[in-house]
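File shown: final_31.txt (compact mmCIF, C-alpha atoms and all ligand atoms).
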```
# COMPACT_ATOMS: atom_id res chain seq x y z
CA MET Q 1 -39.10 -3.03 -5.39
CA ASN Q 2 -40.71 -6.47 -5.08
CA ALA Q 3 -38.13 -8.81 -6.65
CA SER Q 4 -40.65 -11.55 -7.50
CA ALA Q 5 -42.72 -9.21 -9.69
CA LEU Q 6 -39.81 -7.42 -11.38
CA LYS Q 7 -40.36 -6.39 -14.97
CA ILE Q 8 -37.06 -6.89 -16.78
CA ALA Q 9 -36.06 -6.06 -20.35
CA PHE Q 10 -32.99 -7.44 -22.09
CA ILE Q 11 -31.43 -5.56 -24.98
CA GLY Q 12 -29.49 -8.33 -26.68
CA GLY Q 13 -30.74 -11.91 -26.46
CA GLY Q 14 -27.48 -13.74 -27.20
CA ASN Q 15 -25.38 -16.20 -25.23
CA MET Q 16 -25.13 -14.43 -21.89
CA ALA Q 17 -28.65 -12.97 -21.94
CA SER Q 18 -30.09 -16.42 -22.71
CA ALA Q 19 -28.18 -17.93 -19.79
CA LEU Q 20 -29.56 -15.23 -17.46
CA ILE Q 21 -33.12 -15.55 -18.80
CA ALA Q 22 -32.98 -19.35 -18.33
CA GLY Q 23 -32.08 -18.82 -14.68
CA LEU Q 24 -34.62 -16.04 -14.07
CA ALA Q 25 -37.79 -16.94 -15.97
CA GLY Q 26 -40.35 -18.67 -13.80
CA LYS Q 27 -38.03 -18.38 -10.81
CA LEU Q 28 -37.33 -14.79 -9.81
CA THR Q 29 -40.07 -13.43 -12.04
CA ALA Q 30 -42.63 -14.80 -14.51
CA GLY Q 31 -41.44 -15.24 -18.11
CA ALA Q 32 -44.26 -12.87 -19.09
CA ASN Q 33 -42.50 -10.13 -17.08
CA ILE Q 34 -39.40 -10.46 -19.27
CA HIS Q 35 -39.07 -8.59 -22.57
CA VAL Q 36 -36.20 -9.31 -24.98
CA VAL Q 37 -35.03 -7.06 -27.81
CA ASP Q 38 -32.76 -8.59 -30.45
CA PRO Q 39 -32.66 -8.40 -34.27
CA ASN Q 40 -32.38 -12.21 -34.64
CA ALA Q 41 -35.84 -13.69 -35.19
CA ALA Q 42 -34.69 -17.28 -34.61
CA ALA Q 43 -33.11 -16.45 -31.24
CA LEU Q 44 -36.27 -14.60 -30.16
CA ASP Q 45 -38.53 -17.50 -31.25
CA LYS Q 46 -36.50 -19.88 -29.12
CA LEU Q 47 -36.62 -17.62 -26.06
CA ARG Q 48 -40.37 -17.05 -26.48
CA GLN Q 49 -41.09 -20.77 -26.78
CA GLN Q 50 -38.79 -21.82 -23.94
CA PHE Q 51 -39.58 -19.16 -21.37
CA GLY Q 52 -42.77 -17.36 -22.39
CA VAL Q 53 -41.01 -14.00 -22.68
CA SER Q 54 -42.25 -11.18 -24.93
CA THR Q 55 -39.90 -10.07 -27.70
CA ALA Q 56 -39.24 -7.31 -30.21
CA PRO Q 57 -36.76 -6.99 -33.09
CA ALA Q 58 -35.79 -3.44 -32.05
CA ALA Q 59 -35.97 -1.18 -28.99
CA ASP Q 60 -39.68 -0.44 -28.44
CA ALA Q 61 -42.11 1.26 -26.06
CA ALA Q 62 -42.15 -1.78 -23.76
CA LEU Q 63 -38.79 -0.54 -22.48
CA GLY Q 64 -40.59 2.41 -20.90
CA ALA Q 65 -42.61 0.12 -18.64
CA VAL Q 66 -39.95 -2.02 -16.95
CA ASP Q 67 -38.05 -1.82 -13.64
CA VAL Q 68 -34.73 -3.05 -14.98
CA ILE Q 69 -33.10 -2.90 -18.42
CA VAL Q 70 -30.23 -5.34 -18.91
CA LEU Q 71 -27.80 -4.24 -21.61
CA ALA Q 72 -26.49 -7.51 -23.02
CA VAL Q 73 -25.03 -6.55 -26.39
CA LYS Q 74 -21.39 -6.64 -27.44
CA PRO Q 75 -19.31 -3.78 -26.03
CA GLN Q 76 -18.90 -2.50 -29.62
CA SER Q 77 -22.71 -2.09 -29.91
CA MET Q 78 -23.25 -0.32 -26.59
CA ARG Q 79 -23.05 3.26 -27.78
CA GLU Q 80 -25.54 2.61 -30.59
CA VAL Q 81 -27.86 0.75 -28.21
CA ALA Q 82 -27.72 3.63 -25.71
CA ALA Q 83 -28.76 6.02 -28.49
CA GLN Q 84 -31.72 3.74 -29.34
CA LEU Q 85 -32.68 3.46 -25.67
CA LEU Q 86 -32.39 7.13 -24.69
CA PRO Q 87 -35.73 8.34 -26.19
CA LEU Q 88 -37.53 5.35 -24.66
CA LEU Q 89 -36.24 5.74 -21.10
CA ASN Q 90 -39.08 6.67 -18.77
CA PRO Q 91 -37.72 9.40 -16.44
CA ALA Q 92 -40.68 8.99 -14.05
CA ALA Q 93 -40.11 5.24 -13.65
CA ARG Q 94 -36.32 5.67 -13.57
CA PRO Q 95 -35.51 2.04 -14.35
CA LEU Q 96 -32.25 0.47 -13.30
CA ILE Q 97 -29.78 -0.03 -16.14
CA LEU Q 98 -27.79 -3.22 -15.62
CA SER Q 99 -24.85 -3.44 -18.01
CA ILE Q 100 -23.10 -6.78 -18.43
CA ALA Q 101 -20.73 -5.58 -21.15
CA ALA Q 102 -17.00 -6.11 -20.70
CA GLY Q 103 -14.98 -2.91 -20.69
CA ILE Q 104 -17.71 -0.28 -21.06
CA ARG Q 105 -17.42 2.15 -18.14
CA ALA Q 106 -20.46 3.40 -16.25
CA ALA Q 107 -19.46 7.04 -16.85
CA ASP Q 108 -19.44 6.50 -20.64
CA LEU Q 109 -22.75 4.69 -20.54
CA SER Q 110 -24.19 7.45 -18.38
CA ARG Q 111 -23.03 10.11 -20.86
CA TRP Q 112 -24.48 8.17 -23.83
CA LEU Q 113 -27.76 8.01 -21.87
CA GLY Q 114 -27.89 11.76 -21.35
CA GLY Q 115 -26.34 11.78 -17.87
CA TYR Q 116 -28.45 8.88 -16.54
CA GLY Q 117 -27.17 7.75 -13.13
CA ALA Q 118 -29.05 4.57 -12.18
CA ILE Q 119 -26.45 2.17 -13.59
CA VAL Q 120 -25.06 -1.05 -12.18
CA ARG Q 121 -22.15 -2.68 -14.01
CA CYS Q 122 -21.89 -6.38 -13.55
CA MET Q 123 -19.87 -9.26 -14.90
CA PRO Q 124 -21.79 -12.57 -14.82
CA ASN Q 125 -20.73 -15.89 -16.34
CA THR Q 126 -22.48 -18.60 -18.37
CA PRO Q 127 -22.89 -21.19 -15.57
CA ALA Q 128 -25.80 -18.85 -14.68
CA LEU Q 129 -27.63 -21.10 -17.15
CA ILE Q 130 -27.79 -23.81 -14.46
CA GLY Q 131 -27.96 -21.48 -11.45
CA LEU Q 132 -24.23 -21.82 -10.73
CA GLY Q 133 -23.03 -18.46 -12.01
CA ILE Q 134 -21.02 -15.89 -10.12
CA THR Q 135 -21.24 -12.17 -10.78
CA GLY Q 136 -19.01 -9.27 -9.79
CA MET Q 137 -21.01 -6.03 -9.44
CA VAL Q 138 -20.54 -2.35 -8.80
CA ALA Q 139 -23.17 0.38 -8.47
CA ALA Q 140 -22.83 3.96 -9.73
CA ASP Q 141 -23.72 6.79 -7.32
CA GLY Q 142 -27.20 7.31 -8.79
CA VAL Q 143 -28.41 3.81 -7.89
CA SER Q 144 -30.97 3.65 -5.06
CA ALA Q 145 -30.77 1.07 -2.25
CA ALA Q 146 -33.89 -0.63 -3.66
CA GLN Q 147 -32.32 -0.82 -7.12
CA LYS Q 148 -29.13 -2.29 -5.68
CA GLU Q 149 -31.25 -4.91 -3.94
CA ALA Q 150 -33.07 -5.64 -7.21
CA ALA Q 151 -29.77 -6.02 -9.07
CA ASP Q 152 -28.51 -8.36 -6.38
CA ALA Q 153 -31.75 -10.40 -6.48
CA ILE Q 154 -31.52 -10.78 -10.27
CA LEU Q 155 -27.95 -12.04 -10.23
CA LYS Q 156 -28.49 -14.14 -7.07
CA ALA Q 157 -31.31 -15.92 -8.90
CA VAL Q 158 -28.63 -17.37 -11.19
CA GLY Q 159 -25.81 -17.90 -8.69
CA ALA Q 160 -23.63 -15.93 -6.28
CA THR Q 161 -22.85 -12.20 -6.26
CA VAL Q 162 -19.75 -10.29 -5.21
CA TRP Q 163 -20.05 -6.50 -4.75
CA LEU Q 164 -16.84 -4.66 -5.59
CA ALA Q 165 -15.31 -1.65 -3.84
CA HIS Q 166 -14.75 0.22 -7.11
CA GLU Q 167 -15.29 -0.11 -10.84
CA GLY Q 168 -11.60 -0.71 -11.59
CA LEU Q 169 -12.05 -4.24 -10.18
CA ILE Q 170 -14.55 -5.25 -12.88
CA ASP Q 171 -11.75 -5.98 -15.40
CA PRO Q 172 -9.99 -8.39 -13.01
CA VAL Q 173 -13.36 -10.06 -12.28
CA THR Q 174 -13.91 -10.38 -16.04
CA ALA Q 175 -10.51 -12.09 -16.30
CA VAL Q 176 -11.20 -14.49 -13.41
CA SER Q 177 -14.87 -15.50 -13.54
CA GLY Q 178 -16.40 -13.81 -16.61
CA SER Q 179 -14.01 -15.46 -19.05
CA GLY Q 180 -13.12 -18.21 -16.55
CA PRO Q 181 -15.54 -20.90 -17.77
CA ALA Q 182 -13.71 -20.85 -21.12
CA TYR Q 183 -10.39 -21.65 -19.43
CA VAL Q 184 -12.02 -24.56 -17.61
CA PHE Q 185 -13.56 -25.87 -20.84
CA TYR Q 186 -10.14 -25.51 -22.52
CA PHE Q 187 -8.51 -27.58 -19.76
CA ILE Q 188 -11.24 -30.23 -20.03
CA GLU Q 189 -10.72 -30.34 -23.80
CA ALA Q 190 -6.98 -30.90 -23.24
CA MET Q 191 -7.70 -33.73 -20.79
CA GLN Q 192 -10.13 -35.30 -23.25
CA GLN Q 193 -7.54 -35.09 -26.03
CA ALA Q 194 -4.88 -36.72 -23.84
CA ALA Q 195 -7.28 -39.49 -22.82
CA LEU Q 196 -8.00 -40.22 -26.48
CA GLU Q 197 -4.30 -40.20 -27.44
CA MET Q 198 -3.60 -42.70 -24.62
CA GLY Q 199 -6.19 -45.18 -25.90
CA LEU Q 200 -9.38 -44.43 -23.96
CA SER Q 201 -12.59 -43.99 -25.94
CA ALA Q 202 -13.93 -40.46 -26.49
CA GLN Q 203 -16.89 -41.30 -24.26
CA GLN Q 204 -14.67 -42.65 -21.46
CA GLY Q 205 -12.23 -39.72 -21.70
CA SER Q 206 -15.08 -37.25 -21.54
CA GLU Q 207 -16.72 -38.95 -18.56
CA LEU Q 208 -13.43 -39.24 -16.66
CA ALA Q 209 -12.33 -35.65 -17.33
CA LEU Q 210 -15.71 -34.12 -16.50
CA ALA Q 211 -16.26 -36.13 -13.31
CA THR Q 212 -12.73 -35.24 -12.20
CA PHE Q 213 -13.41 -31.54 -12.69
CA VAL Q 214 -16.76 -31.63 -10.91
CA GLY Q 215 -15.37 -33.75 -8.05
CA ALA Q 216 -12.22 -31.70 -7.56
CA ALA Q 217 -14.12 -28.38 -7.73
CA GLN Q 218 -16.72 -29.60 -5.21
CA LEU Q 219 -13.98 -30.89 -2.92
CA ALA Q 220 -12.16 -27.55 -3.06
CA ALA Q 221 -15.41 -25.63 -2.50
CA GLN Q 222 -16.43 -27.76 0.47
CA SER Q 223 -12.99 -28.01 2.07
CA SER Q 224 -11.72 -25.56 4.67
CA GLU Q 225 -8.15 -26.36 3.61
CA PRO Q 226 -6.13 -24.46 1.01
CA VAL Q 227 -6.31 -25.75 -2.55
CA ALA Q 228 -2.52 -26.19 -2.55
CA LEU Q 229 -2.84 -28.72 0.29
CA LEU Q 230 -5.55 -30.65 -1.59
CA ARG Q 231 -3.18 -30.74 -4.57
CA GLU Q 232 -0.31 -32.02 -2.41
CA ARG Q 233 -2.52 -34.88 -1.12
CA VAL Q 234 -2.87 -36.18 -4.68
CA THR Q 235 0.85 -35.87 -5.32
CA SER Q 236 2.69 -38.94 -4.01
CA LYS Q 237 6.47 -38.59 -3.84
CA GLY Q 238 8.02 -39.90 -7.04
CA GLY Q 239 4.58 -40.84 -8.35
CA THR Q 240 2.44 -40.13 -11.41
CA THR Q 241 0.96 -36.78 -10.33
CA TYR Q 242 4.43 -35.53 -9.50
CA ALA Q 243 5.51 -36.47 -13.03
CA ALA Q 244 2.56 -34.56 -14.52
CA LEU Q 245 2.92 -31.46 -12.35
CA SER Q 246 6.70 -31.32 -12.91
CA SER Q 247 6.06 -31.46 -16.64
CA MET Q 248 3.50 -28.63 -16.33
CA GLU Q 249 5.95 -26.51 -14.30
CA GLN Q 250 8.68 -27.13 -16.91
CA SER Q 251 6.27 -26.05 -19.64
CA GLY Q 252 5.39 -22.91 -17.65
CA VAL Q 253 1.68 -23.75 -17.49
CA LYS Q 254 0.97 -21.77 -14.31
CA ASP Q 255 2.86 -18.70 -15.55
CA ALA Q 256 1.03 -18.97 -18.87
CA ILE Q 257 -2.35 -19.02 -17.09
CA VAL Q 258 -1.46 -15.98 -14.97
CA LYS Q 259 -0.22 -14.17 -18.08
CA ALA Q 260 -3.36 -15.10 -20.03
CA MET Q 261 -5.67 -13.82 -17.30
CA LYS Q 262 -3.78 -10.54 -17.08
CA ALA Q 263 -4.23 -10.26 -20.87
CA ALA Q 264 -7.99 -10.69 -20.40
CA ALA Q 265 -8.11 -7.91 -17.79
CA GLU Q 266 -5.98 -5.70 -20.01
CA ARG Q 267 -8.35 -6.33 -22.93
CA GLY Q 268 -11.23 -5.16 -20.72
CA ARG Q 269 -9.37 -1.90 -20.00
CA GLU Q 270 -8.50 -1.54 -23.70
CA LEU Q 271 -12.15 -1.99 -24.72
CA GLY Q 272 -13.10 0.75 -22.25
CA ASN Q 273 -10.45 3.05 -23.70
CA GLU Q 274 -11.23 2.23 -27.34
CA LEU Q 275 -14.99 2.51 -27.08
CA GLY Q 276 -15.41 5.18 -24.39
CA GLU Q 277 -14.08 8.55 -23.39
CA GLU Q 278 -13.50 8.05 -19.67
CA LEU Q 279 -10.00 7.24 -18.48
CA GLY Q 280 -9.57 3.78 -16.91
CA GLY Q 281 -8.02 2.66 -13.63
CA ALA Q 282 -10.89 3.89 -11.43
N1 LIG P 1 -20.68 -14.72 -23.20
C1 LIG P 1 -20.23 -14.61 -21.95
O1 LIG P 1 -19.80 -15.59 -21.32
C2 LIG P 1 -20.29 -13.30 -21.25
C3 LIG P 1 -20.59 -12.12 -21.94
N2 LIG P 1 -20.64 -10.92 -21.26
C4 LIG P 1 -20.98 -9.71 -21.98
O2 LIG P 1 -22.29 -9.88 -22.47
C5 LIG P 1 -22.44 -9.13 -23.67
C6 LIG P 1 -23.07 -10.01 -24.73
O3 LIG P 1 -22.19 -11.10 -24.97
P1 LIG P 1 -22.72 -12.43 -25.64
O4 LIG P 1 -24.05 -12.77 -25.10
O5 LIG P 1 -21.64 -13.40 -25.54
O6 LIG P 1 -22.89 -11.90 -27.16
P2 LIG P 1 -23.87 -12.39 -28.29
O7 LIG P 1 -23.30 -11.92 -29.58
O8 LIG P 1 -24.19 -13.84 -28.10
O9 LIG P 1 -25.22 -11.58 -27.99
C7 LIG P 1 -25.42 -10.22 -28.32
C8 LIG P 1 -26.75 -10.12 -29.02
O10 LIG P 1 -27.11 -8.74 -29.15
C9 LIG P 1 -27.68 -8.57 -30.44
N3 LIG P 1 -27.69 -7.16 -30.83
C10 LIG P 1 -26.79 -6.46 -31.56
N4 LIG P 1 -27.19 -5.18 -31.71
C11 LIG P 1 -28.39 -5.07 -31.06
C12 LIG P 1 -29.30 -4.01 -30.86
N5 LIG P 1 -29.08 -2.80 -31.35
N6 LIG P 1 -30.42 -4.25 -30.13
C13 LIG P 1 -30.65 -5.47 -29.62
N7 LIG P 1 -29.82 -6.52 -29.78
C14 LIG P 1 -28.70 -6.32 -30.50
C15 LIG P 1 -26.78 -9.43 -31.29
O11 LIG P 1 -27.35 -9.63 -32.57
P3 LIG P 1 -26.31 -9.84 -33.81
O12 LIG P 1 -25.64 -11.13 -33.53
O13 LIG P 1 -27.21 -9.84 -35.00
O14 LIG P 1 -25.35 -8.67 -33.78
C16 LIG P 1 -26.70 -10.69 -30.45
O15 LIG P 1 -27.82 -11.55 -30.65
C17 LIG P 1 -21.08 -8.60 -24.07
O16 LIG P 1 -21.02 -7.24 -23.81
C18 LIG P 1 -20.12 -9.38 -23.19
O17 LIG P 1 -19.00 -8.61 -22.83
C19 LIG P 1 -20.42 -10.84 -19.92
C20 LIG P 1 -20.13 -11.96 -19.20
C21 LIG P 1 -19.96 -13.26 -19.81
O1 LIG P 2 -15.10 -12.74 -24.04
C1 LIG P 2 -15.70 -11.73 -23.66
O2 LIG P 2 -15.31 -10.59 -24.02
C2 LIG P 2 -16.89 -11.85 -22.75
C3 LIG P 2 -16.69 -11.16 -21.44
C4 LIG P 2 -16.48 -12.25 -20.43
C5 LIG P 2 -16.81 -13.47 -21.15
N1 LIG P 2 -17.09 -13.25 -22.40
```
Could you rewrite the structure in this file as structure tokens?
Amino acid sequence: MNASALKIAFIGGGNMASALIAGLAGKLTAGANIHVVDPNAAALDKLRQQFGVSTAPAADAALGAVDVIVLAVKPQSMREVAAQLLPLLNPAARPLILSIAAGIRAADLSRWLGGYGAIVRCMPNTPALIGLGITGMVAADGVSAAQKEAADAILKAVGATVWLAHEGLIDPVTAVSGSGPAYVFYFIEAMQQAALEMGLSAQQGSELALATFVGAAQLAAQSSEPVALLRERVTSKGGTTYAALSSMEQSGVKDAIVKAMKAAAERGRELGNELGEELGGA
């Protein structure tokens, strides 16, 4: 499969699909090679104008002529979407199905698609929009080496990829990096609020909080030292950082974050159980 000429269809053109399309169109493959199916006319107009993709309001014959079909609808819509897709799947072309849905297990998707085996489950994140995403991925047994390469090329076009040893690790990845940008935005919002309450302008608080996040993240990414050591270097004995971190420890911030992330992973497992028939914990 020649990655630069890949024909890719997206079923669902919402937040995550748009972020992926923005990273892919005109880079990995031409916008004209991308087809997007979504019932929302306004969302499709925007994608067509921005990236030159073709669009349709419902699953159509174009799905029979692509190499990869990305399923980018809500987990709750997956079963219905599989039923719409099944009659349009071209068995001769045997396209790769790339599911980005939280929770939905490959075995359930395969059953809904009449026993289809060429399925890769992946968990991207929205920084894909600017090429800085990271995606955890796992391939079902029916995926060929060329399809695995194509899946990797698609997600690498929007950031980094991490292949997982087994599907049970997708829920933890969802909790760490899939949902992760929201935790970071939440922390930035809190810093902006504090800045405002302490007398800085909204503009100054925003600039200071954002630059601090970008700088600290880049420093951690570029450093060979543990993050804990970088934190200690900011924390002078009896100083301001110590006061802040002590307050966070007293409030149980770290424990709360760990607990919250475990809740996210658990919600992924729950979604799989609620919406599918396969048992979790693979
Ligand atoms: N947002 C994120 O950061 C991430 C999301 N994901 C996963 O991506 C998937 C999509 O999430 P997200 O983009 O946030 O959701 P959105 O709601 O933004 O996008 C889903 C889109 O699919 C459309 N849709 C619904 N039914 C159909 C159908 N039958 N055919 C075609 N399109 C349909 C929806 O239309 P309508 O609104 O009218 O229902 C909507 O526009 C989820 O499964 C989620 O778990 C994974 C990683 C990160
Ligand atoms: O919140 C969600 O369920 C999706 C999956 C990861 C990020 N957004």
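Of the listed residues (Q:Asp38, Q:Glu80, Q:Glu225, Q:Glu167), Q:Glu167 comes nearest to Gly268 in chain Q; the distances count only C-alpha atoms.
Every residue having at least one atom no farther than 7 Å from ligand LIG 2 (chain P) is included below, with all atoms listed in the file taken into account: Ala101, Ala102, Asn125, Thr174, Gly178 and Ser179 of chain Q.
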Would you compute an axis-aligned box for range 48-57 of chain Q, covering every atom listed for it in the file with 5 Å of margin on each side, and report centre and edge lengths in Å to one decimal as AutoDock Vina command-line options?
```
--center_x -39.8 --center_y -14.4 --center_z -27.2 --size_x 16.0 --size_y 24.8 --size_z 21.7
```
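Comparing Q:Leu271, Q:Ala62, Q:Ile8, Q:Val138 by their smallest distance to ligand LIG 1 (chain P), the closest is Q:Leu271 (using only C-alpha atoms and all ligand atoms).
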List every residue of chain Q that has an atom at most 8 Å from any atom of ligand LIG 1 (chain P), giving for each one its closest atom pair and the distance in Å to one decimal, counting only C-alpha atoms and all ligand atoms, sorted by chain and then by ascending residue number, as JSON lines.
```
{"residue": "Q:Ile11", "atom": "CA", "partner": "P:LIG1", "partner_atom": "C13", "distance": 4.7}
{"residue": "Q:Gly12", "atom": "CA", "partner": "P:LIG1", "partner_atom": "O10", "distance": 3.5}
{"residue": "Q:Gly13", "atom": "CA", "partner": "P:LIG1", "partner_atom": "C8", "distance": 5.1}
{"residue": "Q:Gly14", "atom": "CA", "partner": "P:LIG1", "partner_atom": "O9", "distance": 3.2}
{"residue": "Q:Asn15", "atom": "CA", "partner": "P:LIG1", "partner_atom": "O4", "distance": 3.7}
{"residue": "Q:Met16", "atom": "CA", "partner": "P:LIG1", "partner_atom": "O4", "distance": 3.8}
{"residue": "Q:Ala17", "atom": "CA", "partner": "P:LIG1", "partner_atom": "O4", "distance": 5.6}
{"residue": "Q:Ser18", "atom": "CA", "partner": "P:LIG1", "partner_atom": "O4", "distance": 7.5}
{"residue": "Q:Val37", "atom": "CA", "partner": "P:LIG1", "partner_atom": "C13", "distance": 5.0}
{"residue": "Q:Asp38", "atom": "CA", "partner": "P:LIG1", "partner_atom": "N7", "distance": 3.7}
{"residue": "Q:Pro39", "atom": "CA", "partner": "P:LIG1", "partner_atom": "N7", "distance": 5.6}
{"residue": "Q:Asn40", "atom": "CA", "partner": "P:LIG1", "partner_atom": "O13", "distance": 5.7}
{"residue": "Q:Ala43", "atom": "CA", "partner": "P:LIG1", "partner_atom": "O15", "distance": 7.2}
{"residue": "Q:Pro57", "atom": "CA", "partner": "P:LIG1", "partner_atom": "C13", "distance": 7.2}
{"residue": "Q:Ala58", "atom": "CA", "partner": "P:LIG1", "partner_atom": "N6", "distance": 5.8}
{"residue": "Q:Ala59", "atom": "CA", "partner": "P:LIG1", "partner_atom": "N6", "distance": 6.4}
{"residue": "Q:Leu71", "atom": "CA", "partner": "P:LIG1", "partner_atom": "C5", "distance": 7.5}
{"residue": "Q:Ala72", "atom": "CA", "partner": "P:LIG1", "partner_atom": "C5", "distance": 4.4}
{"residue": "Q:Val73", "atom": "CA", "partner": "P:LIG1", "partner_atom": "O10", "distance": 4.1}
{"residue": "Q:Lys74", "atom": "CA", "partner": "P:LIG1", "partner_atom": "O16", "distance": 3.7}
{"residue": "Q:Pro75", "atom": "CA", "partner": "P:LIG1", "partner_atom": "O16", "distance": 4.5}
{"residue": "Q:Gln76", "atom": "CA", "partner": "P:LIG1", "partner_atom": "O16", "distance": 7.8}
{"residue": "Q:Ser77", "atom": "CA", "partner": "P:LIG1", "partner_atom": "N4", "distance": 5.7}
{"residue": "Q:Met78", "atom": "CA", "partner": "P:LIG1", "partner_atom": "O16", "distance": 7.8}
{"residue": "Q:Glu80", "atom": "CA", "partner": "P:LIG1", "partner_atom": "N5", "distance": 6.5}
{"residue": "Q:Val81", "atom": "CA", "partner": "P:LIG1", "partner_atom": "N5", "distance": 4.9}
{"residue": "Q:Gln84", "atom": "CA", "partner": "P:LIG1", "partner_atom": "N5", "distance": 7.3}
{"residue": "Q:Ser99", "atom": "CA", "partner": "P:LIG1", "partner_atom": "O16", "distance": 7.9}
{"residue": "Q:Ile100", "atom": "CA", "partner": "P:LIG1", "partner_atom": "C4", "distance": 5.1}
{"residue": "Q:Ala101", "atom": "CA", "partner": "P:LIG1", "partner_atom": "O16", "distance": 3.1}
{"residue": "Q:Ala102", "atom": "CA", "partner": "P:LIG1", "partner_atom": "O17", "distance": 3.8}
{"residue": "Q:Gly103", "atom": "CA", "partner": "P:LIG1", "partner_atom": "O17", "distance": 7.3}
{"residue": "Q:Cys122", "atom": "CA", "partner": "P:LIG1", "partner_atom": "C19", "distance": 7.9}
{"residue": "Q:Met123", "atom": "CA", "partner": "P:LIG1", "partner_atom": "C20", "distance": 5.1}
{"residue": "Q:Pro124", "atom": "CA", "partner": "P:LIG1", "partner_atom": "C20", "distance": 4.7}
{"residue": "Q:Asn125", "atom": "CA", "partner": "P:LIG1", "partner_atom": "C21", "distance": 4.4}
{"residue": "Q:Thr126", "atom": "CA", "partner": "P:LIG1", "partner_atom": "O1", "distance": 5.0}
{"residue": "Q:Thr174", "atom": "CA", "partner": "P:LIG1", "partner_atom": "C20", "distance": 7.2}
{"residue": "Q:Gly178", "atom": "CA", "partner": "P:LIG1", "partner_atom": "C21", "distance": 4.8}
{"residue": "Q:Ser179", "atom": "CA", "partner": "P:LIG1", "partner_atom": "O1", "distance": 6.2}
{"residue": "Q:Pro181", "atom": "CA", "partner": "P:LIG1", "partner_atom": "O1", "distance": 7.7}
```
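Using all atoms listed in the file, the nearest neighbour of Ala151 in chain Q within the list Q:Arg79, Q:Arg121, Q:His166, Q:Arg269 is Q:Arg121.
If you measure from each of Q:Ala243, Q:Ala92, Q:Val253, Q:Ala140 to Phe187 in chain Q using all atoms listed in the file, the closest one turns out to be Q:Val253.
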Response to the item:
Counting only C-alpha atoms, closest pick from Q:Lys7, Q:Arg111, Q:Arg267, Q:Lys27 relative to Ala175 in chain Q is Q:Arg267
Worksheet item: Any idea what the distance is between CA of Ala32 in chain Q and CA of Ala9 in chain Q?
Response: 10.7 Å
Worksheet item: Around (-37.9, 5.1, -12.2) in the file's frame, which residues reach within 10 Å when counting only C-alpha atoms? Return as a PyMOL selection string?
Response: chain Q and resi 64-68+89-96+118+147
What does the file look like for those residues with C-alpha atoms, as a PDB file, in the coordinates of the input?
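Saved the output as result.pdb:
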```pdb
ATOM      1  CA  GLY Q  64     -40.590   2.410 -20.900  1.00  0.00           C
ATOM      2  CA  ALA Q  65     -42.610   0.120 -18.640  1.00  0.00           C
ATOM      3  CA  VAL Q  66     -39.950  -2.020 -16.950  1.00  0.00           C
ATOM      4  CA  ASP Q  67     -38.050  -1.820 -13.640  1.00  0.00           C
ATOM      5  CA  VAL Q  68     -34.730  -3.050 -14.980  1.00  0.00           C
ATOM      6  CA  LEU Q  89     -36.240   5.740 -21.100  1.00  0.00           C
ATOM      7  CA  ASN Q  90     -39.080   6.670 -18.770  1.00  0.00           C
ATOM      8  CA  PRO Q  91     -37.720   9.400 -16.440  1.00  0.00           C
ATOM      9  CA  ALA Q  92     -40.680   8.990 -14.050  1.00  0.00           C
ATOM     10  CA  ALA Q  93     -40.110   5.240 -13.650  1.00  0.00           C
ATOM     11  CA  ARG Q  94     -36.320   5.670 -13.570  1.00  0.00           C
ATOM     12  CA  PRO Q  95     -35.510   2.040 -14.350  1.00  0.00           C
ATOM     13  CA  LEU Q  96     -32.250   0.470 -13.300  1.00  0.00           C
ATOM     14  CA  ALA Q 118     -29.050   4.570 -12.180  1.00  0.00           C
ATOM     15  CA  GLN Q 147     -32.320  -0.820  -7.120  1.00  0.00           C
TER      16      GLN Q 147
END
```
Worksheet item: Could you pull the residues within 12 Å of Met261 in chain Q, counting all atoms listed in the file, minus those fewer than 2 positions along the same chain, as JSON, numbers by chain?
Response: {"Q": [171, 172, 173, 174, 175, 176, 177, 178, 179, 180, 182, 183, 254, 255, 256, 257, 258, 259, 263, 264, 265, 266, 267, 268]}
Practice prompt. Within 8 Å of Leu113 in chain Q, counting only C-alpha atoms, which residues show up once you throw out same-chain ones fewer than 6 positions away? Write them as number ranges by chain, please.
Written response: Q: 82-83, 85-86
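The two atoms in question, CA of Ala209 in chain Q and CA of Glu197 in chain Q, are spaced 13.7 Å apart.
What separates CA of Gln204 in chain Q from CA of Ala128 in chain Q is a distance of 27.1 Å.
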Item to complete: Extract, using all atoms listed in the file, all DNA, RNA and protein residues at most 10 Å from Ile130 in chain Q, discarding same-chain residues fewer than 5 positions from it, and format them as a PyMOL selection string.
Response: chain Q and resi 19-20+22-23+158-159
Item to complete: Could you give me, as number ranges by chain, the residues within 10 Å of Ala107 in chain Q, counting all atoms listed in the file and dropping anything in the same chain fewer than 6 positions from it?
Response: Q: 113, 115-117, 119, 140, 276-279
Compile the contact shell of Ser4 in chain Q as a short mmCIF file (atom, residue, chain, number, x, y, z; two decimals) with C-alpha atoms, in the coordinates of the input: residues with an atom at most 9 Å away, counting only C-alpha atoms, same-chain residues fewer than 5 positions apart removed.
```cif
data_model
loop_
_atom_site.label_atom_id
_atom_site.label_comp_id
_atom_site.auth_asym_id
_atom_site.auth_seq_id
_atom_site.Cartn_x
_atom_site.Cartn_y
_atom_site.Cartn_z
CA LYS Q 27 -38.03 -18.38 -10.81
CA LEU Q 28 -37.33 -14.79 -9.81
CA THR Q 29 -40.07 -13.43 -12.04
CA ALA Q 30 -42.63 -14.80 -14.51
#
```
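Shortest atom-to-atom contact with Leu6 in chain Q among Q:Glu149, Q:Asp108, Q:Asp45, Q:Glu232: Q:Glu149, counting all atoms listed in the file.
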